[in-house]
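File shown: model.tsv (TSV, C-alpha atoms).
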```
chain	number	residue	atom	x	y	z
A	240	VAL	CA	0.00	0.00	0.00
A	241	SER	CA	1.48	3.35	-1.00
A	242	MET	CA	2.08	6.12	1.50
A	243	LYS	CA	-0.32	8.30	-0.48
A	244	THR	CA	-3.11	5.79	0.10
A	245	LEU	CA	-2.25	5.50	3.77
A	246	ARG	CA	-2.31	9.25	4.20
A	247	ARG	CA	-5.96	9.28	3.14
A	248	VAL	CA	-6.73	7.45	6.37
A	249	HIS	CA	-5.12	10.28	8.29
A	250	LEU	CA	-7.19	12.80	6.32
A	251	ALA	CA	-10.46	11.22	7.37
A	252	SER	CA	-10.89	14.03	9.89
A	253	ALA	CA	-12.73	17.19	8.82
A	254	PHE	CA	-10.89	20.14	7.33
A	255	THR	CA	-9.64	22.63	9.91
A	256	MET	CA	-8.69	26.11	8.79
A	257	ALA	CA	-5.72	28.23	9.76
A	258	SER	CA	-7.13	30.88	12.04
A	259	THR	CA	-4.45	33.59	11.97
A	260	PRO	CA	-3.51	35.95	9.12
A	261	GLN	CA	-0.30	35.20	7.27
A	262	PRO	CA	2.44	37.63	8.36
A	263	GLN	CA	4.98	39.10	6.00
A	264	VAL	CA	7.47	36.32	5.23
A	265	GLY	CA	10.27	36.20	2.69
A	266	GLY	CA	9.52	39.55	1.06
A	267	TYR	CA	5.75	39.33	0.65
A	268	THR	CA	2.56	39.88	2.60
A	269	ALA	CA	-0.47	37.61	2.10
A	270	THR	CA	-3.96	38.15	3.47
A	271	ALA	CA	-7.22	36.30	2.88
A	272	THR	CA	-10.68	35.73	4.21
A	273	ARG	CA	-11.07	32.10	5.17
A	274	SER	CA	-13.52	29.44	4.04
A	275	ALA	CA	-13.53	25.79	3.05
A	276	SER	CA	-15.80	23.43	1.19
A	277	VAL	CA	-16.02	19.71	1.85
A	278	SER	CA	-18.29	17.36	-0.10
A	279	ASN	CA	-18.94	13.67	0.35
A	280	ASN	CA	-16.96	12.60	-2.71
A	281	ALA	CA	-14.24	15.25	-2.92
A	282	LYS	CA	-12.42	17.74	-0.77
A	283	GLN	CA	-11.61	21.26	-1.84
A	284	ALA	CA	-9.31	23.82	-0.33
A	285	ILE	CA	-10.86	27.21	-1.04
A	286	VAL	CA	-9.31	30.54	-0.07
A	287	GLU	CA	-11.45	33.62	-0.63
A	288	GLY	CA	-10.33	37.23	-0.86
A	289	LEU	CA	-6.68	36.35	-1.41
A	290	SER	CA	-4.31	39.31	-1.77
A	291	ILE	CA	-0.53	39.09	-2.05
A	292	ALA	CA	1.81	42.10	-2.15
A	293	THR	CA	5.57	42.30	-2.43
A	294	ALA	CA	7.74	44.06	0.14
A	295	ASP	CA	7.72	47.27	-1.94
A	296	GLY	CA	3.92	47.31	-2.04
A	297	SER	CA	3.37	45.93	-5.55
A	298	MET	CA	0.15	43.89	-5.72
A	299	LEU	CA	0.55	40.44	-7.26
A	300	LEU	CA	-2.97	39.25	-6.42
A	301	LYS	CA	-5.92	41.26	-5.14
A	302	ASN	CA	-9.15	39.81	-3.77
A	303	ALA	CA	-8.58	36.57	-5.71
A	304	ARG	CA	-10.19	33.17	-5.18
A	305	LEU	CA	-8.03	30.06	-4.91
A	306	ALA	CA	-9.81	26.71	-5.23
A	307	VAL	CA	-7.90	23.42	-5.28
A	308	GLN	CA	-9.57	20.02	-5.42
A	309	LEU	CA	-7.63	17.10	-4.01
A	310	GLY	CA	-6.59	14.52	-6.58
A	311	ARG	CA	-6.15	16.99	-9.43
A	312	ARG	CA	-3.08	18.58	-11.03
A	313	TYR	CA	-2.85	22.28	-11.76
A	314	ALA	CA	-0.42	24.45	-13.73
A	315	LEU	CA	0.35	28.10	-13.06
A	316	ILE	CA	0.96	29.95	-16.34
A	317	GLY	CA	2.05	33.57	-16.59
A	318	PRO	CA	4.93	35.92	-17.46
A	319	ASN	CA	8.01	36.28	-15.27
A	320	GLY	CA	7.39	38.40	-12.20
A	321	CYS	CA	3.62	37.92	-12.08
A	322	GLY	CA	3.77	36.10	-8.74
A	323	LYS	CA	3.68	32.37	-9.53
A	324	SER	CA	6.58	31.47	-7.25
A	325	THR	CA	5.37	33.84	-4.54
A	326	LEU	CA	1.94	32.21	-4.52
A	327	LEU	CA	3.49	28.75	-4.14
A	328	GLN	CA	5.72	30.01	-1.35
A	329	ALA	CA	2.76	31.62	0.42
A	330	ILE	CA	0.80	28.35	0.33
A	331	HIS	CA	3.82	26.46	1.66
A	332	ASP	CA	4.40	29.00	4.44
A	333	GLY	CA	0.88	28.54	5.78
A	334	LEU	CA	-1.43	30.83	3.85
A	335	ALA	CA	-4.36	32.09	5.92
A	336	GLY	CA	-7.40	30.07	4.89
A	337	TRP	CA	-5.40	27.07	3.72
A	338	PRO	CA	-6.58	23.88	5.49
A	339	ALA	CA	-4.20	23.23	8.36
A	340	CYS	CA	-4.70	19.45	8.11
A	341	LEU	CA	-3.08	19.28	4.66
A	342	SER	CA	0.62	18.48	4.54
A	343	THR	CA	2.27	20.67	1.89
A	344	VAL	CA	5.76	20.40	0.39
A	345	LEU	CA	7.37	22.93	-1.96
A	346	VAL	CA	10.26	22.17	-4.32
A	347	SER	CA	11.50	25.60	-5.32
A	348	GLN	CA	13.45	26.57	-8.43
A	349	GLU	CA	16.71	26.91	-6.54
A	350	ASN	CA	16.98	24.43	-3.71
A	351	VAL	CA	18.97	25.84	-0.80
A	352	TRP	CA	19.67	22.41	0.67
A	353	SER	CA	23.40	22.39	1.42
A	354	GLY	CA	24.13	18.69	1.31
A	355	SER	CA	24.62	16.09	4.00
A	356	SER	CA	26.94	13.34	5.14
A	357	LEU	CA	24.01	10.93	4.89
A	358	THR	CA	23.52	8.60	1.97
A	359	LEU	CA	20.87	9.40	-0.62
A	360	LEU	CA	18.70	6.59	0.72
A	361	GLN	CA	18.93	7.87	4.30
A	362	VAL	CA	18.07	11.42	3.21
A	363	LEU	CA	14.76	10.12	1.87
A	364	ILE	CA	14.03	7.83	4.83
A	365	ASP	CA	14.74	10.65	7.30
A	366	ALA	CA	12.43	12.99	5.37
A	367	ARG	CA	9.47	10.70	5.94
A	368	SER	CA	10.34	9.52	9.47
A	369	THR	CA	10.59	13.14	10.64
A	370	ALA	CA	7.44	14.27	8.81
A	371	PRO	CA	5.60	17.02	10.74
A	372	TYR	CA	2.45	14.93	11.06
A	373	ARG	CA	4.24	11.92	12.62
A	374	PRO	CA	4.05	13.20	16.25
A	375	GLN	CA	0.30	13.66	15.80
A	376	LEU	CA	-0.08	10.12	14.51
A	377	GLU	CA	2.02	8.67	17.33
A	378	ALA	CA	0.07	10.66	19.94
A	379	GLU	CA	-3.23	9.38	18.56
A	380	ARG	CA	-1.89	5.83	18.50
A	381	GLY	CA	-0.74	6.13	22.11
A	382	ALA	CA	-4.11	7.48	23.26
A	383	LEU	CA	-6.02	4.69	21.51
A	384	GLN	CA	-3.67	2.03	22.88
A	385	ALA	CA	-4.06	3.38	26.41
A	386	HIS	CA	-7.83	3.30	25.98
A	387	LEU	CA	-7.69	-0.33	24.86
A	388	ASP	CA	-5.37	-1.30	27.71
A	389	SER	CA	-7.80	0.16	30.25
A	390	ASP	CA	-10.20	-2.74	29.53
A	391	GLU	CA	-12.99	-0.29	28.84
A	392	LEU	CA	-15.58	-1.00	26.19
A	393	VAL	CA	-14.21	0.22	22.86
A	394	SER	CA	-15.77	0.38	19.42
A	395	ALA	CA	-14.71	-1.64	16.42
A	396	ALA	CA	-13.93	1.65	14.66
A	397	ALA	CA	-11.37	2.52	17.35
A	398	VAL	CA	-9.65	-0.85	16.94
A	399	GLU	CA	-9.59	-0.42	13.15
A	400	ARG	CA	-8.20	3.10	13.48
A	401	LEU	CA	-5.41	1.84	15.74
A	402	GLY	CA	-4.46	-0.73	13.12
A	403	ASP	CA	-4.48	1.92	10.41
A	404	LEU	CA	-2.24	4.19	12.47
A	405	GLN	CA	0.25	1.39	13.11
A	406	THR	CA	0.36	0.61	9.38
A	407	ILE	CA	0.98	4.26	8.51
A	408	ILE	CA	3.79	4.67	11.03
A	409	ASP	CA	5.45	1.40	10.00
A	410	ALA	CA	5.33	2.52	6.37
A	411	MET	CA	7.36	5.63	7.16
A	412	ASP	CA	10.71	3.96	7.76
A	413	GLY	CA	10.24	0.20	7.55
A	414	PRO	CA	11.55	-2.24	4.90
A	415	GLU	CA	8.82	-1.31	2.42
A	416	ALA	CA	9.77	2.36	2.78
A	417	GLN	CA	13.37	1.56	1.86
A	418	ARG	CA	12.25	-0.30	-1.26
A	419	GLU	CA	10.04	2.63	-2.23
A	420	ALA	CA	12.86	5.12	-1.62
A	421	ARG	CA	15.24	3.16	-3.84
A	422	ALA	CA	12.59	3.08	-6.58
A	423	VAL	CA	12.20	6.87	-6.44
A	424	LEU	CA	15.96	7.42	-6.60
A	425	GLU	CA	16.29	5.01	-9.51
A	426	GLY	CA	13.41	6.65	-11.34
A	427	LEU	CA	15.07	10.06	-11.08
A	428	GLY	CA	18.37	8.74	-12.42
A	429	PHE	CA	20.49	8.30	-9.30
A	430	PRO	CA	22.90	5.43	-10.06
A	431	GLN	CA	23.61	4.49	-6.42
A	432	ALA	CA	21.20	4.92	-3.52
A	433	ASP	CA	24.01	4.39	-1.01
A	434	ALA	CA	26.22	7.19	-2.36
A	435	PRO	CA	26.91	10.13	0.00
A	436	ALA	CA	24.64	13.10	-0.63
A	437	SER	CA	27.48	15.53	0.08
A	438	THR	CA	29.10	14.71	-3.27
A	439	LEU	CA	26.15	15.94	-5.35
A	440	SER	CA	26.42	18.95	-7.64
A	441	GLY	CA	23.84	21.73	-7.59
A	442	GLY	CA	21.66	20.14	-10.27
A	443	TRP	CA	21.68	16.75	-8.58
A	444	ARG	CA	20.88	18.33	-5.21
A	445	GLN	CA	17.84	19.90	-6.83
A	446	ARG	CA	16.89	16.48	-8.17
A	447	LEU	CA	17.34	15.02	-4.68
A	448	ALA	CA	14.99	17.68	-3.29
A	449	LEU	CA	12.38	16.47	-5.78
A	450	ALA	CA	13.02	12.85	-4.77
A	451	ARG	CA	12.50	13.74	-1.10
A	452	ALA	CA	9.22	15.50	-1.89
A	453	LEU	CA	7.92	12.58	-3.96
A	454	PHE	CA	8.90	10.11	-1.26
A	455	ILE	CA	7.16	12.08	1.50
A	456	CYS	CA	3.90	11.88	-0.50
A	457	PRO	CA	2.39	15.10	0.87
A	458	ASP	CA	-1.28	15.91	0.40
A	459	VAL	CA	-0.26	18.90	-1.73
A	460	LEU	CA	2.97	18.90	-3.76
A	461	LEU	CA	4.06	22.30	-5.09
A	462	LEU	CA	6.64	22.19	-7.90
A	463	ASP	CA	8.29	25.39	-9.15
A	464	GLU	CA	9.81	24.59	-12.56
A	465	PRO	CA	10.77	21.05	-11.49
A	466	SER	CA	12.03	19.99	-14.93
A	467	ASN	CA	14.97	22.43	-14.96
A	468	HIS	CA	17.48	19.78	-13.89
A	469	LEU	CA	15.84	16.63	-15.24
A	470	ASP	CA	16.75	14.63	-18.32
A	471	LEU	CA	14.17	13.01	-20.60
A	472	PRO	CA	14.12	9.56	-18.90
A	473	SER	CA	13.52	11.19	-15.51
A	474	LEU	CA	10.77	13.38	-16.96
A	475	LEU	CA	9.05	10.37	-18.46
A	476	TRP	CA	9.30	8.49	-15.16
```
Transcribe the structure of this file into structure tokens.
Amino acid sequence: VSMKTLRRVHLASAFTMASTPQPQVGGYTATATRSASVSNNAKQAIVEGLSIATADGSMLLKNARLAVQLGRRYALIGPNGCGKSTLLQAIHDGLAGWPACLSTVLVSQENVWSGSSLTLLQVLIDARSTAPYRPQLEAERGALQAHLDSDELVSAAAVERLGDLQTIIDAMDGPEAQREARAVLEGLGFPQADAPASTLSGGWRQRLALARALFICPDVLLLDEPSNHLDLPSLLW
């Protein structure tokens, strides 16, 4: 079972919205009124009244509406300087109105990752095992286990949920995770998964950032010109 499928179990809870306005971060200011729409068959992240301004006051977006349906792919098209990268960065930074329960990963045009003494395989495994939602999963698992150990009457749904949580956590860094990580590295053209990451050039580090993002399997994956450092076989994969 893929991590993406397992994450859907974690997303069974209702959407919760970020409740505080987005402060000025990284040279922009983003504000929005907040709303969300959830249907029985699909989930949408909807941000109303979205406005984004640069540090010098230039408006990139004003009173816009952002609607993203889970399971779909979207492309941002526009001239240089119109705010595509800034919008992606704002979503990644925690845009006001963006559902707080959605894990979001951004692979920017120029990855600032400085390398590591870890192997390529361990870089990917660590990315998933230290995912920001893991403490929440482990806390929920612990609470359910304590409830079961108390010999109190528990529902079948609680027992099933505990099993789901254990499966998700095991998938983060267990044997199956290592096989999946090697497949991602191979698909993106890395010849050796056990090579040290510190030896990578700038282009290969950018490719490793993409591999990490794909391996994490976030709910929302934001890619800013991801094909810049990819060859044709990697693009096709």
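Non-sequential neighbours of segment 357-363 of chain A (distance at most 7 Å, separation of 5 or more positions within a chain, all atoms listed in the file) are Ala420, Arg421, Ala432, Asp433, Ala434, Pro435, Ala436, Arg451 and Phe454 of chain A.
One distance worth recording is that between atom CA of Val423 of chain A and atom CA of Leu462 of chain A, which is 16.4 Å.
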Have a look at atom CA of Asp463 of chain A and atom CA of Glu419 of chain A and let me know their distance in Å, one decimal.
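Answer for the atom CA of Asp463 of chain A to atom CA of Glu419 of chain A separation: 23.9 Å.
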Which value, in Å to one decimal, gives the distance between atom CA of Lys282 of chain A and atom CA of Ala452 of chain A?
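Value for the atom CA of Lys282 of chain A-atom CA of Ala452 of chain A distance: 21.8 Å.
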Residues within 9 Å of Pro465 of chain A, only C-alpha atoms, excluding chain neighbours under 2 positions, as a PyMOL selection string
chain A and resi 346-348+445-446+449+462-463+467-469
May I ask which of the residues A:Gly288, A:Pro318, A:Pro457, A:Pro374 is the closest one to Leu334 of chain A, counting all atoms listed in the file?
A:Gly288
List the neighbours of Gly296 of chain A out to 12 Å using only C-alpha atoms; skip same-chain residues closer than 2 positions along the sequence, and give me the result as a PyMOL selection string.
chain A and resi 263+266-269+290-294+298-301
Ranking A:Leu453, A:Ala378, A:Leu383, A:Leu427 by minimum distance to Glu399 of chain A and counting all atoms listed in the file, which one comes first?
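For Glu399 of chain A, the nearest of the candidates is A:Leu383.
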Tell me which protein, DNA and RNA residues are within 9 Å of Thr343 of chain A, counting all atoms listed in the file, leaving out same-chain ones fewer than 6 positions away, and put them as a list in words.
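Returned residues: Ile330, His331, Asp332, Gly333, Pro457, Asp458, Val459, Leu460 and Leu461 of chain A.
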Atoms added to segment 360-378 of chain A (N, CA, C and O atoms), reported as a PDB file, in the coordinates of the input:
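Written out: part.pdb:
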```pdb
ATOM      1  N   LEU A 360      19.805   7.378   0.183  1.00  0.00           N
ATOM      2  CA  LEU A 360      18.700   6.590   0.720  1.00  0.00           C
ATOM      3  C   LEU A 360      18.277   7.116   2.090  1.00  0.00           C
ATOM      4  O   LEU A 360      17.088   7.275   2.372  1.00  0.00           O
ATOM      5  N   GLN A 361      19.257   7.422   2.952  1.00  0.00           N
ATOM      6  CA  GLN A 361      18.930   7.870   4.300  1.00  0.00           C
ATOM      7  C   GLN A 361      18.302   9.255   4.296  1.00  0.00           C
ATOM      8  O   GLN A 361      17.461   9.573   5.144  1.00  0.00           O
ATOM      9  N   VAL A 362      18.691  10.100   3.331  1.00  0.00           N
ATOM     10  CA  VAL A 362      18.070  11.420   3.210  1.00  0.00           C
ATOM     11  C   VAL A 362      16.566  11.270   2.993  1.00  0.00           C
ATOM     12  O   VAL A 362      15.754  11.978   3.597  1.00  0.00           O
ATOM     13  N   LEU A 363      16.178  10.328   2.129  1.00  0.00           N
ATOM     14  CA  LEU A 363      14.760  10.120   1.870  1.00  0.00           C
ATOM     15  C   LEU A 363      14.053   9.507   3.073  1.00  0.00           C
ATOM     16  O   LEU A 363      12.967   9.962   3.457  1.00  0.00           O
ATOM     17  N   ILE A 364      14.659   8.494   3.674  1.00  0.00           N
ATOM     18  CA  ILE A 364      14.030   7.830   4.830  1.00  0.00           C
ATOM     19  C   ILE A 364      13.841   8.836   5.965  1.00  0.00           C
ATOM     20  O   ILE A 364      12.782   8.876   6.610  1.00  0.00           O
ATOM     21  N   ASP A 365      14.845   9.659   6.220  1.00  0.00           N
ATOM     22  CA  ASP A 365      14.740  10.650   7.300  1.00  0.00           C
ATOM     23  C   ASP A 365      13.642  11.670   7.003  1.00  0.00           C
ATOM     24  O   ASP A 365      12.975  12.161   7.918  1.00  0.00           O
ATOM     25  N   ALA A 366      13.456  12.007   5.724  1.00  0.00           N
ATOM     26  CA  ALA A 366      12.430  12.990   5.370  1.00  0.00           C
ATOM     27  C   ALA A 366      11.053  12.511   5.763  1.00  0.00           C
ATOM     28  O   ALA A 366      10.214  13.298   6.221  1.00  0.00           O
ATOM     29  N   ARG A 367      10.785  11.227   5.600  1.00  0.00           N
ATOM     30  CA  ARG A 367       9.470  10.700   5.940  1.00  0.00           C
ATOM     31  C   ARG A 367       9.355  10.410   7.438  1.00  0.00           C
ATOM     32  O   ARG A 367       8.330  10.684   8.055  1.00  0.00           O
ATOM     33  N   SER A 368      10.413   9.880   8.053  1.00  0.00           N
ATOM     34  CA  SER A 368      10.340   9.520   9.470  1.00  0.00           C
ATOM     35  C   SER A 368      10.247  10.738  10.368  1.00  0.00           C
ATOM     36  O   SER A 368       9.789  10.649  11.505  1.00  0.00           O
ATOM     37  N   THR A 369      10.689  11.902   9.861  1.00  0.00           N
ATOM     38  CA  THR A 369      10.590  13.140  10.640  1.00  0.00           C
ATOM     39  C   THR A 369       9.488  14.052  10.111  1.00  0.00           C
ATOM     40  O   THR A 369       9.513  15.254  10.348  1.00  0.00           O
ATOM     41  N   ALA A 370       8.535  13.479   9.365  1.00  0.00           N
ATOM     42  CA  ALA A 370       7.440  14.270   8.810  1.00  0.00           C
ATOM     43  C   ALA A 370       6.693  14.999   9.926  1.00  0.00           C
ATOM     44  O   ALA A 370       6.535  14.475  11.030  1.00  0.00           O
ATOM     45  N   PRO A 371       6.231  16.237   9.673  1.00  0.00           N
ATOM     46  CA  PRO A 371       5.600  17.020  10.740  1.00  0.00           C
ATOM     47  C   PRO A 371       4.338  16.407  11.314  1.00  0.00           C
ATOM     48  O   PRO A 371       3.957  16.709  12.432  1.00  0.00           O
ATOM     49  N   TYR A 372       3.670  15.523  10.556  1.00  0.00           N
ATOM     50  CA  TYR A 372       2.450  14.930  11.060  1.00  0.00           C
ATOM     51  C   TYR A 372       2.706  13.638  11.853  1.00  0.00           C
ATOM     52  O   TYR A 372       1.789  13.078  12.431  1.00  0.00           O
ATOM     53  N   ARG A 373       3.964  13.165  11.903  1.00  0.00           N
ATOM     54  CA  ARG A 373       4.240  11.920  12.620  1.00  0.00           C
ATOM     55  C   ARG A 373       3.949  12.035  14.121  1.00  0.00           C
ATOM     56  O   ARG A 373       3.340  11.106  14.695  1.00  0.00           O
ATOM     57  N   PRO A 374       4.383  13.110  14.816  1.00  0.00           N
ATOM     58  CA  PRO A 374       4.050  13.200  16.250  1.00  0.00           C
ATOM     59  C   PRO A 374       2.549  13.123  16.521  1.00  0.00           C
ATOM     60  O   PRO A 374       2.123  12.514  17.511  1.00  0.00           O
ATOM     61  N   GLN A 375       1.745  13.723  15.627  1.00  0.00           N
ATOM     62  CA  GLN A 375       0.300  13.660  15.800  1.00  0.00           C
ATOM     63  C   GLN A 375      -0.210  12.229  15.663  1.00  0.00           C
ATOM     64  O   GLN A 375      -1.064  11.784  16.437  1.00  0.00           O
ATOM     65  N   LEU A 376       0.331  11.506  14.686  1.00  0.00           N
ATOM     66  CA  LEU A 376      -0.080  10.120  14.510  1.00  0.00           C
ATOM     67  C   LEU A 376       0.324   9.266  15.709  1.00  0.00           C
ATOM     68  O   LEU A 376      -0.451   8.432  16.186  1.00  0.00           O
ATOM     69  N   GLU A 377       1.553   9.470  16.201  1.00  0.00           N
ATOM     70  CA  GLU A 377       2.020   8.670  17.330  1.00  0.00           C
ATOM     71  C   GLU A 377       1.231   8.999  18.597  1.00  0.00           C
ATOM     72  O   GLU A 377       0.963   8.116  19.421  1.00  0.00           O
ATOM     73  N   ALA A 378       0.865  10.280  18.769  1.00  0.00           N
ATOM     74  CA  ALA A 378       0.070  10.660  19.940  1.00  0.00           C
ATOM     75  C   ALA A 378      -1.314  10.020  19.891  1.00  0.00           C
ATOM     76  O   ALA A 378      -1.824   9.522  20.914  1.00  0.00           O
TER      77      ALA A 378
END
```
